[in-house]
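*Asks:* Pasting model03.txt here (compact mmCIF, C-alpha atoms):
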# COMPACT_ATOMS: atom_id res chain seq x y z
CA MET A 1 0.00 0.00 0.00
CA GLN A 2 2.77 2.37 0.92
CA GLY A 3 4.48 1.68 -2.40
CA LEU A 4 1.35 2.42 -4.36
CA THR A 5 0.86 5.64 -2.42
CA ALA A 6 4.39 6.51 -3.45
CA SER A 7 3.46 5.74 -7.04
CA TRP A 8 0.57 8.14 -6.84
CA GLU A 9 2.90 10.74 -5.46
CA VAL A 10 4.91 10.32 -8.63
CA LEU A 11 1.89 10.69 -10.87
CA ASP A 12 0.22 13.31 -8.73
CA ASN A 13 3.61 14.76 -7.91
CA SER A 14 2.94 14.83 -11.40
CA HIS A 15 -0.59 15.90 -10.79
CA LYS A 16 0.81 18.42 -13.30
CA ARG A 17 1.04 15.71 -15.95
CA LEU A 18 -2.64 14.89 -15.65
CA GLU A 19 -3.50 18.58 -15.64
CA LEU A 20 -1.51 19.02 -18.83
CA TYR A 21 -3.34 16.06 -20.34
CA TRP A 22 -6.74 17.69 -19.75
CA GLN A 23 -5.41 21.01 -21.03
CA ARG A 24 -4.36 19.19 -24.17
CA GLU A 25 -7.89 17.81 -24.49
CA LEU A 26 -9.24 21.37 -24.35
CA ARG A 27 -6.83 22.48 -27.08
CA LYS A 28 -7.85 19.55 -29.30
CA SER A 29 -11.54 20.37 -28.80
CA ILE A 30 -11.09 24.08 -29.53
CA PHE A 31 -9.04 23.37 -32.66
CA LYS A 32 -11.60 20.80 -33.79
CA LYS A 33 -14.43 23.30 -33.36
CA PHE A 34 -12.79 26.50 -34.59
CA GLY A 35 -9.78 25.38 -36.64
CA ASP A 36 -6.12 25.13 -35.66
CA GLY A 37 -4.88 28.36 -37.23
CA LEU A 38 -5.83 30.48 -34.23
CA ASP A 39 -3.76 33.52 -33.33
CA GLU A 40 -4.47 35.65 -30.26
CA GLU A 41 -6.94 37.89 -32.06
CA LYS A 42 -8.96 34.99 -33.44
CA LEU A 43 -8.77 33.23 -30.11
CA ARG A 44 -10.29 36.27 -28.40
CA GLU A 45 -13.21 36.07 -30.84
CA VAL A 46 -13.61 32.38 -30.00
CA PHE A 47 -13.54 33.20 -26.29
CA GLN A 48 -16.22 35.86 -26.71
CA GLN A 49 -18.35 33.46 -28.70
CA ILE A 50 -18.17 30.85 -25.94
CA ASP A 51 -18.71 33.48 -23.22
CA SER A 52 -22.47 33.66 -23.81
CA ASP A 53 -23.23 35.95 -20.84
CA GLY A 54 -20.38 38.32 -21.75
CA ASN A 55 -18.96 38.56 -18.25
CA GLY A 56 -15.36 37.98 -19.39
CA LYS A 57 -15.11 34.50 -17.89
CA LEU A 58 -16.04 31.03 -19.04
CA ASP A 59 -18.07 29.06 -16.53
CA LEU A 60 -18.57 25.31 -16.54
CA GLU A 61 -21.92 25.51 -18.35
CA GLU A 62 -20.48 27.64 -21.18
CA LEU A 63 -17.47 25.39 -21.65
CA THR A 64 -19.67 22.29 -21.49
CA LYS A 65 -21.71 23.47 -24.48
CA VAL A 66 -18.72 23.88 -26.77
CA LEU A 67 -16.99 20.68 -25.60
CA GLN A 68 -20.11 18.55 -26.02
CA SER A 69 -20.59 19.97 -29.51
CA VAL A 70 -17.33 18.30 -30.56
CA GLY A 71 -18.04 15.02 -28.79
CA ALA A 72 -16.27 15.44 -25.44
CA LYS A 73 -17.48 12.99 -22.82
CA LYS A 74 -19.57 14.52 -20.07
CA LYS A 75 -17.51 12.79 -17.38
CA ASP A 76 -14.33 14.45 -18.70
CA ILE A 77 -15.58 18.03 -18.96
CA HIS A 78 -15.20 18.88 -15.28
CA ASN A 79 -11.56 17.73 -15.42
CA ILE A 80 -10.96 19.86 -18.51
CA PHE A 81 -12.57 22.89 -16.86
CA ASN A 82 -10.50 22.51 -13.69
CA ALA A 83 -7.30 22.10 -15.68
CA ALA A 84 -7.95 25.30 -17.63
CA ASN A 85 -9.05 27.25 -14.54
CA LEU A 86 -5.44 27.98 -13.63
CA GLU A 87 -6.17 30.43 -10.80
CA LYS A 88 -8.97 28.19 -9.42
CA LYS A 89 -11.45 31.05 -9.27
CA ASP A 90 -15.06 31.21 -10.41
CA GLY A 91 -14.35 30.98 -14.12
CA ILE A 92 -11.70 30.85 -16.84
CA SER A 93 -10.39 34.25 -17.87
CA PHE A 94 -9.23 35.01 -21.40
CA GLU A 95 -5.62 35.06 -20.17
CA GLU A 96 -6.01 31.54 -18.76
CA PHE A 97 -7.81 30.37 -21.90
CA ARG A 98 -5.07 31.81 -24.11
CA SER A 99 -2.33 30.32 -21.95
CA VAL A 100 -3.83 26.84 -22.27
CA VAL A 101 -4.97 26.86 -25.90
CA LEU A 102 -1.84 28.51 -27.32
CA SER A 103 0.53 26.54 -25.10
CA ASN A 104 3.55 24.93 -26.73
CA GLU A 105 3.50 21.86 -24.50
CA PRO A 106 6.22 19.31 -25.36
CA SER A 107 4.69 16.64 -27.58
CA GLU A 108 6.64 13.87 -25.86
CA LEU A 109 4.78 14.31 -22.57
CA LYS A 110 3.30 10.95 -21.58
CA ASP A 111 -0.13 10.79 -20.00
CA ARG A 112 -2.34 8.30 -18.23
CA GLN A 113 -3.76 6.83 -21.43
CA HIS A 114 -0.25 6.20 -22.75
CA TYR A 115 0.62 4.12 -19.68
CA GLN A 116 -2.69 2.27 -19.68
CA LYS A 117 -2.07 1.33 -23.32
CA ALA A 118 1.43 0.16 -22.41
CA PHE A 119 0.00 -1.89 -19.52
CA ARG A 120 -2.53 -3.53 -21.85
CA THR A 121 0.26 -4.48 -24.24
CA ILE A 122 2.17 -6.12 -21.39
CA MET A 123 -0.95 -8.00 -20.25
CA ARG A 124 -1.71 -9.20 -23.79
CA LYS A 125 1.74 -10.74 -24.06
CA GLN A 126 1.30 -12.43 -20.70
CA LEU A 127 -2.11 -13.79 -21.69
CA GLU A 128 -0.59 -15.23 -24.84
CA LEU A 129 2.00 -17.00 -22.70
CA GLN A 130 -0.74 -18.36 -20.43
CA GLN A 131 -2.54 -19.84 -23.44
CA LYS A 132 0.55 -21.15 -25.19
CA GLY A 133 0.24 -24.91 -25.60
CA LYS A 134 -3.21 -24.91 -23.96
CA MET A 135 -5.58 -24.85 -26.93
CA THR A 136 -8.69 -25.37 -24.79
CA LEU A 137 -7.91 -22.54 -22.35
CA SER A 138 -10.43 -19.71 -22.81
CA TRP A 139 -9.45 -16.06 -22.70
CA ARG A 140 -11.14 -15.57 -19.33
CA ALA A 141 -9.52 -18.69 -17.91
CA ALA A 142 -6.15 -17.43 -19.10
CA ALA A 143 -6.89 -14.05 -17.49
CA CYS A 144 -7.79 -15.78 -14.20
CA ARG A 145 -4.56 -17.80 -14.27
CA LEU A 146 -2.54 -14.68 -15.00
CA PHE A 147 -4.20 -12.73 -12.18
CA ALA A 148 -3.65 -15.60 -9.74
CA SER A 149 0.01 -15.84 -10.70
CA MET A 150 0.44 -12.12 -9.95
CA ASP A 151 -1.54 -12.22 -6.68
CA LEU A 152 1.36 -13.36 -4.52
CA ASP A 153 -0.46 -13.15 -1.18
CA HIS A 154 -3.66 -14.70 -2.60
CA ASN A 155 -5.93 -12.00 -1.19
CA GLY A 156 -7.85 -11.45 -4.42
CA THR A 157 -6.31 -8.09 -5.24
CA LEU A 158 -3.06 -6.83 -6.72
CA ASP A 159 -1.12 -4.27 -4.74
CA CYS A 160 1.81 -2.12 -5.76
CA TYR A 161 4.44 -4.64 -4.69
CA GLU A 162 2.85 -7.41 -6.75
CA LEU A 163 2.56 -5.24 -9.86
CA ARG A 164 6.09 -3.95 -9.47
CA THR A 165 7.37 -7.52 -9.06
CA LEU A 166 5.78 -8.55 -12.37
CA LEU A 167 6.92 -5.44 -14.25
CA ARG A 168 10.50 -5.79 -13.02
CA LYS A 169 10.58 -9.46 -14.05
CA LEU A 170 9.44 -8.39 -17.51
CA GLY A 171 12.27 -5.89 -17.78
CA VAL A 172 10.18 -2.70 -17.64
CA GLU A 173 12.40 0.29 -16.93
CA GLU A 174 12.24 1.51 -13.35
CA LYS A 175 11.40 5.06 -14.45
CA ASP A 176 8.20 3.78 -16.11
CA ILE A 177 7.03 1.36 -13.41
CA SER A 178 5.54 3.98 -11.09
CA PHE A 179 3.55 5.54 -13.91
CA LEU A 180 2.30 2.15 -15.11
CA VAL A 181 1.21 1.15 -11.61
CA ALA A 182 -0.47 4.49 -10.90
CA SER A 183 -2.26 4.57 -14.25
CA VAL A 184 -4.13 1.33 -13.54
CA ASP A 185 -5.16 2.15 -9.97
CA LEU A 186 -8.30 3.83 -11.29
CA ASN A 187 -9.94 4.65 -7.95
CA LYS A 188 -6.68 5.22 -6.05
CA ASP A 189 -7.57 2.74 -3.33
CA GLY A 190 -4.15 1.11 -3.40
CA SER A 191 -5.18 -2.16 -5.03
CA ILE A 192 -6.60 -3.66 -8.22
CA SER A 193 -9.32 -6.31 -8.14
CA PHE A 194 -9.77 -9.00 -10.76
CA GLU A 195 -12.83 -7.12 -12.07
CA SER A 196 -10.78 -3.93 -12.41
CA SER A 197 -8.06 -5.80 -14.25
CA GLN A 198 -10.72 -7.17 -16.61
CA ARG A 199 -11.99 -3.66 -17.34
CA LEU A 200 -8.46 -2.47 -18.01
CA SER A 201 -7.94 -5.40 -20.33
CA SER A 202 -11.26 -5.00 -22.14
CA GLY A 203 -9.55 -3.63 -25.21
CA LEU A 204 -7.21 -6.59 -25.57
CA LYS A 205 -7.46 -8.91 -28.51
CA ARG A 206 -8.65 -12.24 -27.19
CA VAL A 207 -6.22 -14.89 -28.14
CA GLY A 208 -7.26 -18.49 -28.77
I need this file expressed as structure tokens, please.

*Replies:*
Amino acid sequence: MQGLTASWEVLDNSHKRLELYWQRELRKSIFKKFGDGLDEEKLREVFQQIDSDGNGKLDLEELTKVLQSVGAKKKDIHNIFNAANLEKKDGISFEEFRSVVLSNEPSELKDRQHYQKAFRTIMRKQLELQQKGKMTLSWRAAACRLFASMDLDHNGTLDCYELRTLLRKLGVEEKDISFLVASVDLNKDGSISFESSQRLSSGLKRVG
């Protein structure tokens, strides 16, 4: 548990990384809606168009309308709003909006989705090994065997130590392990159940 808390300190120490991820989602949505050739003057026009009550700030309702119009998920909009509300006041000013939308964030920044995708790739390879030579082993049975092999204390959940043990055995670089572990602890409770692991693996190609 302590190790997984430490992992979250890395990612939330890197809370900034997640914040930058949601800021990037805002940029993508704005460019999708209004085009990507926005300079400051055009961006001010966009801001005024979104600011329906003309009070000089974007509230959650105003931002929701434009984000939903380009297909943003409702559950993500609050995160996007908070990430763009840099001063954490009652709305997003034009200066904050400009700072986020016209940001030159390094493209190599890795985010939660990147690490979840990497984790899925690792799990797919392990599932393939579980099924190797066992033609009658179903995908779910292979997933159960894999989970059981990782659950070293047999308590029905995977903690940080167990995940780290697997990832180290597989040769994952130490600098990536904390991010991988933190990215799959979706509710930050310090452990991953079999059901959670199944949800994380839902995008995997079922082998066999």

*Asks:* Kindly give the distance, in Å, that separates atom CA of Ile192 of chain A and atom CA of Tyr21 of chain A, rounded to a single decimal.

*Replies:*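 These two atoms are separated by 23.4 Å.
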
*Asks:* Which one of A:Ala148, A:Leu26, A:Ala118, A:Leu127 sits closest to Phe81 of chain A if you count all atoms listed in the file?

*Replies:* A:Leu26

*Asks:* With distances taken over all atoms listed in the file, which of A:Ala142, A:Leu167, A:Cys160, A:Val172 is nearest to Gln198 of chain A?

*Replies:*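 Ranked by minimum distance to Gln198 of chain A, first place goes to A:Ala142.
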
*Asks:* Show me the residues close to (1.5, -14.3, -5.8) - anything with an atom within 12 Å, counting all atoms listed in the file - and format the list as a list in words.

*Replies:*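 The distance filter leaves exactly Arg145, Leu146, Phe147, Ala148, Ser149, Met150, Asp151, Leu152, Asp153, His154, Asn155, Gly156, Thr157, Leu158, Asp159, Tyr161, Glu162, Leu163, Arg164, Thr165 and Leu166 of chain A.
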
*Asks:* Those same residues - C-alpha atoms - I'd like them written as an mmCIF file, in the frame of the given file.

*Replies:*
data_model
loop_
_atom_site.group_PDB
_atom_site.id
_atom_site.type_symbol
_atom_site.label_atom_id
_atom_site.label_comp_id
_atom_site.auth_asym_id
_atom_site.auth_seq_id
_atom_site.Cartn_x
_atom_site.Cartn_y
_atom_site.Cartn_z
ATOM 1 C CA ARG A 145 -4.560 -17.800 -14.270
ATOM 2 C CA LEU A 146 -2.540 -14.680 -15.000
ATOM 3 C CA PHE A 147 -4.200 -12.730 -12.180
ATOM 4 C CA ALA A 148 -3.650 -15.600 -9.740
ATOM 5 C CA SER A 149 0.010 -15.840 -10.700
ATOM 6 C CA MET A 150 0.440 -12.120 -9.950
ATOM 7 C CA ASP A 151 -1.540 -12.220 -6.680
ATOM 8 C CA LEU A 152 1.360 -13.360 -4.520
ATOM 9 C CA ASP A 153 -0.460 -13.150 -1.180
ATOM 10 C CA HIS A 154 -3.660 -14.700 -2.600
ATOM 11 C CA ASN A 155 -5.930 -12.000 -1.190
ATOM 12 C CA GLY A 156 -7.850 -11.450 -4.420
ATOM 13 C CA THR A 157 -6.310 -8.090 -5.240
ATOM 14 C CA LEU A 158 -3.060 -6.830 -6.720
ATOM 15 C CA ASP A 159 -1.120 -4.270 -4.740
ATOM 16 C CA TYR A 161 4.440 -4.640 -4.690
ATOM 17 C CA GLU A 162 2.850 -7.410 -6.750
ATOM 18 C CA LEU A 163 2.560 -5.240 -9.860
ATOM 19 C CA ARG A 164 6.090 -3.950 -9.470
ATOM 20 C CA THR A 165 7.370 -7.520 -9.060
ATOM 21 C CA LEU A 166 5.780 -8.550 -12.370
#

*Asks:* Which residue gives the smallest distance to Glu61 of chain A among A:Asp90, A:Glu19, A:Glu95, A:Asp36, with all atoms listed in the file counted?

*Replies:*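 Answer, going by the shortest atom-to-atom distance: A:Asp90.
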
*Asks:* Tell me which of A:Tyr115, A:Gln23, A:Lys57, A:Ser99 sits closest to Phe179 of chain A, counting only C-alpha atoms.

*Replies:*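 Going through A:Tyr115, A:Gln23, A:Lys57, A:Ser99 one by one, the smallest distance to Phe179 of chain A is for A:Tyr115.
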
*Asks:* So, with all atoms listed in the file as the atoms that count, which of A:Phe119, A:Trp22, A:Phe94, A:Trp139 lies closest to Phe47 of chain A?

*Replies:* A:Phe94

*Asks:* Would you please work out which residue, of A:Phe194, A:Ser69, A:Ala143, A:Asp51, is nearest to Gln130 of chain A when using only C-alpha atoms?

*Replies:*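 Using only C-alpha atoms, Gln130 of chain A sits closest to A:Ala143.
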
*Asks:* Residues at most 12 Å from Leu58 of chain A, counting only C-alpha atoms, excluding those fewer than 3 positions away in the same chain, as a list in words?

*Replies:*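 My list of contacting residues is Val46, Phe47, Gln48, Gln49, Ile50, Asp51, Ser52, Asp53, Gly54, Asn55, Glu61, Glu62, Leu63, Thr64, Lys65, Val66, Phe81, Asn82, Ala84, Asn85, Lys89, Asp90, Gly91, Ile92, Ser93, Phe94, Glu95, Glu96 and Phe97 of chain A.
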
*Asks:* What does the distance between atom CA of Ile177 of chain A and atom CA of Arg24 of chain A come to in Å, to one decimal place?

*Replies:* 23.7 Å

*Asks:* Quick one: residues within 12 Å of Lys32 of chain A, all atoms listed in the file, excluding same-chain residues fewer than 6 positions away - as a short mmCIF file (atom, residue, chain, number, x, y, z; two decimals) with C-alpha atoms, keeping the file's coordinate frame?

*Replies:*
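Here's the written file out_6.cif:
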data_model
loop_
_atom_site.label_atom_id
_atom_site.label_comp_id
_atom_site.auth_asym_id
_atom_site.auth_seq_id
_atom_site.Cartn_x
_atom_site.Cartn_y
_atom_site.Cartn_z
CA GLU A 25 -7.89 17.81 -24.49
CA LEU A 26 -9.24 21.37 -24.35
CA LEU A 38 -5.83 30.48 -34.23
CA VAL A 66 -18.72 23.88 -26.77
CA LEU A 67 -16.99 20.68 -25.60
CA GLN A 68 -20.11 18.55 -26.02
CA SER A 69 -20.59 19.97 -29.51
CA VAL A 70 -17.33 18.30 -30.56
CA GLY A 71 -18.04 15.02 -28.79
CA ALA A 72 -16.27 15.44 -25.44
CA VAL A 101 -4.97 26.86 -25.90
#
